[in-house]
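What's in upload_0.tsv: TSV, C-alpha atoms
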```
chain	number	residue	atom	x	y	z
A	1	MET	CA	0.28	88.76	-82.49
A	2	SER	CA	-0.90	85.19	-83.13
A	3	ARG	CA	0.69	83.33	-86.00
A	4	PHE	CA	-2.58	81.48	-86.71
A	5	ALA	CA	-6.04	82.70	-87.63
A	6	GLU	CA	-8.15	83.47	-84.56
A	7	PRO	CA	-10.51	80.43	-84.85
A	8	LEU	CA	-7.52	78.09	-85.13
A	9	THR	CA	-5.76	79.78	-82.19
A	10	ARG	CA	-8.93	79.41	-80.12
A	11	LEU	CA	-9.19	75.69	-81.01
A	12	ILE	CA	-5.53	75.14	-80.06
A	13	GLU	CA	-6.08	76.89	-76.71
A	14	GLU	CA	-9.14	74.72	-75.96
A	15	LEU	CA	-7.31	71.51	-76.90
A	16	ARG	CA	-4.40	72.50	-74.61
A	17	LYS	CA	-6.82	72.30	-71.68
A	18	LEU	CA	-7.11	68.53	-72.16
A	19	PRO	CA	-4.95	66.42	-69.80
A	20	GLY	CA	-1.64	65.35	-71.30
A	21	ILE	CA	-1.97	67.72	-74.26
A	22	GLY	CA	0.76	70.32	-74.60
A	23	SER	CA	1.13	73.11	-77.14
A	24	LYS	CA	2.60	70.93	-79.91
A	25	SER	CA	0.02	68.16	-79.48
A	26	ALA	CA	-2.79	70.72	-79.43
A	27	GLN	CA	-1.44	72.21	-82.66
A	28	ARG	CA	-1.26	68.78	-84.34
A	29	LEU	CA	-4.82	67.95	-83.27
A	30	ALA	CA	-6.13	71.33	-84.41
A	31	PHE	CA	-4.53	70.96	-87.85
A	32	HIS	CA	-5.88	67.40	-88.08
A	33	ILE	CA	-9.37	68.71	-87.39
A	34	LEU	CA	-8.83	71.53	-89.90
A	35	ARG	CA	-7.82	69.04	-92.62
A	36	ALA	CA	-10.70	66.65	-91.79
A	37	SER	CA	-13.87	66.77	-93.81
A	38	ALA	CA	-16.68	69.01	-92.59
A	39	GLU	CA	-18.68	65.85	-91.85
A	40	ASP	CA	-15.91	64.37	-89.66
A	41	ALA	CA	-15.49	67.66	-87.79
A	42	GLU	CA	-19.24	67.82	-87.18
A	43	LEU	CA	-19.30	64.20	-85.95
A	44	LEU	CA	-16.55	65.05	-83.44
A	45	ALA	CA	-18.41	68.15	-82.26
A	46	ALA	CA	-21.66	66.18	-81.96
A	47	ALA	CA	-19.93	63.44	-79.95
A	48	VAL	CA	-18.59	66.05	-77.49
A	49	ARG	CA	-22.06	67.63	-77.16
A	50	GLU	CA	-23.71	64.21	-76.60
A	51	VAL	CA	-21.22	63.26	-73.88
A	52	LYS	CA	-22.04	66.47	-72.01
A	53	ALA	CA	-25.80	66.20	-72.57
A	54	GLN	CA	-26.45	62.49	-72.07
A	55	LEU	CA	-23.98	61.21	-69.49
A	56	GLN	CA	-24.50	61.46	-65.75
A	57	LEU	CA	-23.32	59.82	-62.55
A	58	CYS	CA	-25.09	56.68	-61.37
A	59	SER	CA	-27.14	57.52	-58.29
A	60	VAL	CA	-25.92	54.32	-56.60
A	61	CYS	CA	-22.21	53.92	-57.44
A	62	ASN	CA	-21.19	57.22	-59.12
A	63	ASN	CA	-20.06	55.51	-62.32
A	64	ILE	CA	-20.48	57.52	-65.51
A	65	THR	CA	-23.58	56.25	-67.29
A	66	ASP	CA	-26.36	57.10	-69.71
A	67	VAL	CA	-28.96	55.15	-67.67
A	68	ASP	CA	-29.64	55.41	-63.94
A	69	PRO	CA	-28.86	53.18	-62.15
A	70	CYS	CA	-25.94	52.05	-64.30
A	71	LEU	CA	-25.71	48.63	-65.94
A	72	TYR	CA	-23.55	47.23	-63.11
A	73	CYS	CA	-25.89	48.35	-60.33
A	74	SER	CA	-29.02	47.15	-62.14
A	75	SER	CA	-27.64	43.80	-63.33
A	76	PRO	CA	-29.37	40.80	-61.68
A	77	SER	CA	-26.37	38.60	-62.55
A	78	ARG	CA	-23.89	40.63	-60.47
A	79	ASN	CA	-23.29	40.09	-56.75
A	80	GLN	CA	-24.92	43.21	-55.28
A	81	HIS	CA	-23.56	42.36	-51.80
A	82	LEU	CA	-19.91	42.76	-52.89
A	83	VAL	CA	-18.76	46.36	-53.44
A	84	CYS	CA	-15.37	47.28	-54.92
A	85	VAL	CA	-14.32	50.83	-54.04
A	86	ILE	CA	-12.26	52.46	-56.78
A	87	GLU	CA	-10.81	55.91	-57.39
A	88	GLU	CA	-12.07	56.70	-60.89
A	89	PRO	CA	-14.58	55.31	-63.43
A	90	THR	CA	-11.62	54.35	-65.64
A	91	ASN	CA	-10.57	51.79	-63.00
A	92	ILE	CA	-13.66	49.66	-63.74
A	93	SER	CA	-12.28	48.25	-66.99
A	94	THR	CA	-9.11	47.12	-65.19
A	95	VAL	CA	-11.06	45.37	-62.42
A	96	GLU	CA	-13.44	43.79	-64.95
A	97	LYS	CA	-10.48	41.99	-66.58
A	98	THR	CA	-10.19	39.94	-63.39
A	99	ARG	CA	-13.69	38.49	-63.87
A	100	TYR	CA	-14.88	40.35	-60.76
A	101	ASN	CA	-18.66	39.93	-60.54
A	102	GLY	CA	-19.65	42.38	-57.81
A	103	VAL	CA	-20.60	46.04	-58.07
A	104	TYR	CA	-18.62	49.24	-57.68
A	105	HIS	CA	-18.42	52.46	-55.76
A	106	VAL	CA	-16.49	55.26	-57.49
A	107	LEU	CA	-14.91	57.91	-55.26
A	108	HIS	CA	-13.83	60.28	-58.06
A	109	GLY	CA	-10.42	60.86	-56.50
A	110	THR	CA	-8.35	60.21	-53.41
A	111	LEU	CA	-7.64	62.11	-50.23
A	112	SER	CA	-4.93	64.68	-50.90
A	113	PRO	CA	-4.66	67.44	-48.28
A	114	LEU	CA	-1.86	69.09	-50.26
A	115	HIS	CA	-4.26	69.55	-53.17
A	116	GLY	CA	-7.23	70.50	-50.99
A	117	VAL	CA	-9.05	67.17	-51.41
A	118	GLY	CA	-10.63	66.04	-48.16
A	119	PRO	CA	-13.34	63.49	-47.39
A	120	ASP	CA	-16.09	65.96	-48.33
A	121	GLN	CA	-14.74	66.25	-51.87
A	122	LEU	CA	-14.96	62.48	-52.42
A	123	ARG	CA	-18.13	60.44	-52.83
A	124	ILE	CA	-17.80	58.57	-49.54
A	125	ALA	CA	-21.22	59.43	-48.06
A	126	GLY	CA	-22.99	57.26	-50.63
A	127	LEU	CA	-20.81	54.30	-49.65
A	128	GLN	CA	-21.72	54.80	-45.99
A	129	THR	CA	-25.41	54.83	-46.97
A	130	ARG	CA	-25.03	51.62	-48.98
A	131	VAL	CA	-23.29	49.88	-46.06
A	132	ALA	CA	-25.85	51.19	-43.54
A	133	SER	CA	-28.69	49.72	-45.63
A	134	GLY	CA	-27.49	46.24	-44.63
A	135	ASP	CA	-27.31	44.97	-48.22
A	136	VAL	CA	-23.50	44.99	-48.40
A	137	GLU	CA	-21.55	42.00	-47.07
A	138	GLU	CA	-18.02	42.96	-48.18
A	139	VAL	CA	-16.26	46.15	-49.24
A	140	ILE	CA	-13.06	45.71	-51.25
A	141	LEU	CA	-10.83	48.77	-51.03
A	142	ALA	CA	-9.16	48.89	-54.46
A	143	THR	CA	-7.50	52.29	-54.35
A	144	SER	CA	-4.02	52.60	-55.83
A	145	PRO	CA	-1.01	51.73	-53.67
A	146	THR	CA	0.11	55.38	-53.63
A	147	VAL	CA	0.35	57.57	-50.54
A	148	GLU	CA	-3.02	59.14	-51.38
A	149	GLY	CA	-4.62	55.79	-52.25
A	150	GLU	CA	-3.40	54.19	-49.02
A	151	ALA	CA	-4.61	57.17	-46.96
A	152	THR	CA	-8.02	56.95	-48.64
A	153	ALA	CA	-8.26	53.19	-48.00
A	154	HIS	CA	-7.32	53.64	-44.33
A	155	TYR	CA	-9.81	56.49	-43.92
A	156	ILE	CA	-12.67	54.44	-45.39
A	157	ALA	CA	-11.69	51.35	-43.37
A	158	ASP	CA	-11.76	53.39	-40.15
A	159	LEU	CA	-15.09	54.90	-41.16
A	160	LEU	CA	-16.72	51.51	-41.85
A	161	ARG	CA	-15.11	49.55	-39.01
A	162	GLY	CA	-17.83	48.33	-36.65
A	163	SER	CA	-20.51	48.39	-39.35
A	164	GLY	CA	-20.56	44.58	-39.53
A	165	VAL	CA	-19.39	44.55	-43.14
A	166	ARG	CA	-16.24	42.62	-44.08
A	167	LEU	CA	-13.45	44.96	-45.20
A	168	SER	CA	-10.63	43.84	-47.50
A	169	ARG	CA	-7.78	45.57	-49.31
A	170	ILE	CA	-6.36	44.52	-52.66
A	171	ALA	CA	-2.98	42.84	-52.41
A	172	THR	CA	0.10	44.63	-53.65
A	173	GLY	CA	3.67	43.57	-54.15
A	174	VAL	CA	5.97	42.37	-56.89
A	175	PRO	CA	4.17	42.38	-60.26
A	176	ALA	CA	3.90	39.11	-62.17
A	177	GLY	CA	6.59	38.74	-64.80
A	178	SER	CA	9.04	41.08	-63.09
A	179	ASP	CA	12.38	40.28	-61.53
A	180	ILE	CA	12.51	40.74	-57.74
A	181	GLU	CA	16.01	42.13	-58.17
A	182	TYR	CA	14.38	45.34	-59.46
A	183	ALA	CA	11.53	45.52	-56.93
A	184	ASP	CA	11.54	48.56	-54.68
A	185	GLU	CA	11.53	48.22	-50.90
A	186	VAL	CA	7.83	49.04	-50.47
A	187	SER	CA	6.71	46.54	-53.13
A	188	MET	CA	8.91	43.81	-51.70
A	189	SER	CA	7.70	44.50	-48.15
A	190	ARG	CA	4.09	44.25	-49.29
A	191	ALA	CA	4.81	41.06	-51.19
A	192	MET	CA	6.26	39.53	-48.03
A	193	GLU	CA	3.36	40.71	-45.87
A	194	GLY	CA	0.78	39.42	-48.34
A	195	ARG	CA	2.36	35.99	-48.73
A	196	ARG	CA	0.04	33.01	-48.60
A	197	GLU	CA	0.44	29.33	-47.89
A	198	ILE	CA	0.81	27.02	-50.89
```
Represent the structure from my file as structure tokens, please.
Amino acid sequence: MSRFAEPLTRLIEELRKLPGIGSKSAQRLAFHILRASAEDAELLAAAVREVKAQLQLCSVCNNITDVDPCLYCSSPSRNQHLVCVIEEPTNISTVEKTRYNGVYHVLHGTLSPLHGVGPDQLRIAGLQTRVASGDVEEVILATSPTVEGEATAHYIADLLRGSGVRLSRIATGVPAGSDIEYADEVSMSRAMEGRREI
């Protein structure tokens, strides 16, 4: 027997489905919504409905957008010949902080055979089409330096090798502001490999 009224139990169960939300957090959120005004609760519900109804994937880069093509792909001030390949739409804000002025290609994941994610589950075909069009001069592989991210970068590099497009990989190594005493072996190895002349 549930210790909460059925509508509240149902709300808690739905909130638990969100990533990073456990039972206690779902309960806190549900009670927050319960205590909120009817207007605030309706605004939240309307925002969820609008996200589902109005957002789509950009037909060019797969970014989440409310216009197609997205603002990056349709911007005349961005370098349309430079494509940064990223894992998720959330990675765009991180890359944008670097004053990058090219466009993006979002894969929506990484290769992970253990989790059943192969090349067909990622949005790689669209990248191949973009490169084949001849409009792309450089592809920057900006997947995470994890096992899956590295495997994905290598797979895409092998796929695009011989296409005439310049391929590059983001540098990895010891983060700025950290002490090399605490750097792990992989980070230190990459820092040494990616060294540059000064």
Quiz prompt | Of the listed residues A:Thr152, A:Val67, A:Ile170, A:Cys73, that which approaches Leu55 (chain A) most closely, counting all atoms listed in the file | solution = A:Val67
Which region 57-167 of chain A residues have any atom within 12 Å of an atom of region 42-52 of chain A, and for each, what is the nearest pair of atoms with distance in Å to one decimal, counting only C-alpha atoms, rows sorted by chain and number, as CSV?
```
residue,atom,partner,partner_atom,distance
A:Leu57,CA,A:Lys52,CA,11.6
A:Ile64,CA,A:Val51,CA,10.2
A:Thr65,CA,A:Val51,CA,9.9
A:Asp66,CA,A:Val51,CA,9.0
```
Quiz item: Skipping near chain neighbours, those fewer than 6 positions away, what residues fall within 8 Å of region 171-177 of chain A using all atoms listed in the file, listed as an NGL selection string?
Solution: :A and (145 or 183 or 186-192 or 194)
Quiz item: Neighbours of Asp135 (chain A) within 10 Å (all atoms listed in the file; same-chain residues fewer than 6 positions away dropped), as a PyMOL selection string?
Solution: chain A and resi 80-82+165
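Distance check against Ile33 (chain A) using all atoms listed in the file: of A:Pro119, A:Leu8, A:Gly20, A:Thr94, the minimum falls on A:Leu8.
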Quiz item: What is the distance between CA of Ile12 (chain A) and CA of Ala26 (chain A), in Å to one decimal?
Solution: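 CA of Ala26 (chain A) lies 5.2 Å from CA of Ile12 (chain A).
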Practice problem: Rank A:Glu87, A:Ser133, A:Cys61, A:Leu127 by their smallest atom-to-atom distance to Tyr104 (chain A), using only C-alpha atoms, and report the top residue only. | Solution: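 Counting only C-alpha atoms, the residue closest to Tyr104 (chain A) is A:Cys61.
The protein and nucleic acid residues lying at most 7 Å from region 106-116 of chain A are A:Cys61, A:Asn62, A:Asn63, A:Val85, A:Ile86, A:Glu87, A:Glu88, A:Pro89, A:Leu122, A:Arg123, A:Ile124, A:Glu148, A:Gly149, A:Ala151, A:Thr152, with all atoms listed in the file considered and sequence neighbours fewer than 5 positions away removed.
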Test item: which residues lie within 12 Å of (-12.9, 38.7, -58.8) counting only C-alpha atoms, as an mmCIF file with C-alpha atoms, in the coordinates of the input:
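Done, and the output landed in result-v6.cif:
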```cif
data_model
loop_
_atom_site.group_PDB
_atom_site.id
_atom_site.type_symbol
_atom_site.label_atom_id
_atom_site.label_comp_id
_atom_site.auth_asym_id
_atom_site.auth_seq_id
_atom_site.Cartn_x
_atom_site.Cartn_y
_atom_site.Cartn_z
ATOM 1 C CA ARG A 78 -23.890 40.630 -60.470
ATOM 2 C CA ASN A 79 -23.290 40.090 -56.750
ATOM 3 C CA LEU A 82 -19.910 42.760 -52.890
ATOM 4 C CA VAL A 83 -18.760 46.360 -53.440
ATOM 5 C CA CYS A 84 -15.370 47.280 -54.920
ATOM 6 C CA THR A 94 -9.110 47.120 -65.190
ATOM 7 C CA VAL A 95 -11.060 45.370 -62.420
ATOM 8 C CA GLU A 96 -13.440 43.790 -64.950
ATOM 9 C CA LYS A 97 -10.480 41.990 -66.580
ATOM 10 C CA THR A 98 -10.190 39.940 -63.390
ATOM 11 C CA ARG A 99 -13.690 38.490 -63.870
ATOM 12 C CA TYR A 100 -14.880 40.350 -60.760
ATOM 13 C CA ASN A 101 -18.660 39.930 -60.540
ATOM 14 C CA GLY A 102 -19.650 42.380 -57.810
ATOM 15 C CA VAL A 103 -20.600 46.040 -58.070
ATOM 16 C CA ILE A 140 -13.060 45.710 -51.250
ATOM 17 C CA ALA A 142 -9.160 48.890 -54.460
ATOM 18 C CA ILE A 170 -6.360 44.520 -52.660
#
```
Quiz prompt | Point-to-point distance in Å for CA of Ile156 (chain A) and CA of Pro19 (chain A) | solution = 28.3 Å
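Of note, CA of Thr90 (chain A) and CA of Arg166 (chain A) are spaced 25.0 Å apart.
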Practice problem: Please determine the residues with any atom at most 6 Å from (-29.4, 57.1, -63.1) (coordinates as given in the file, with only C-alpha atoms counting) and report them as a VMD selection string. | Solution: chain A and resid 58 to 59 67 to 69
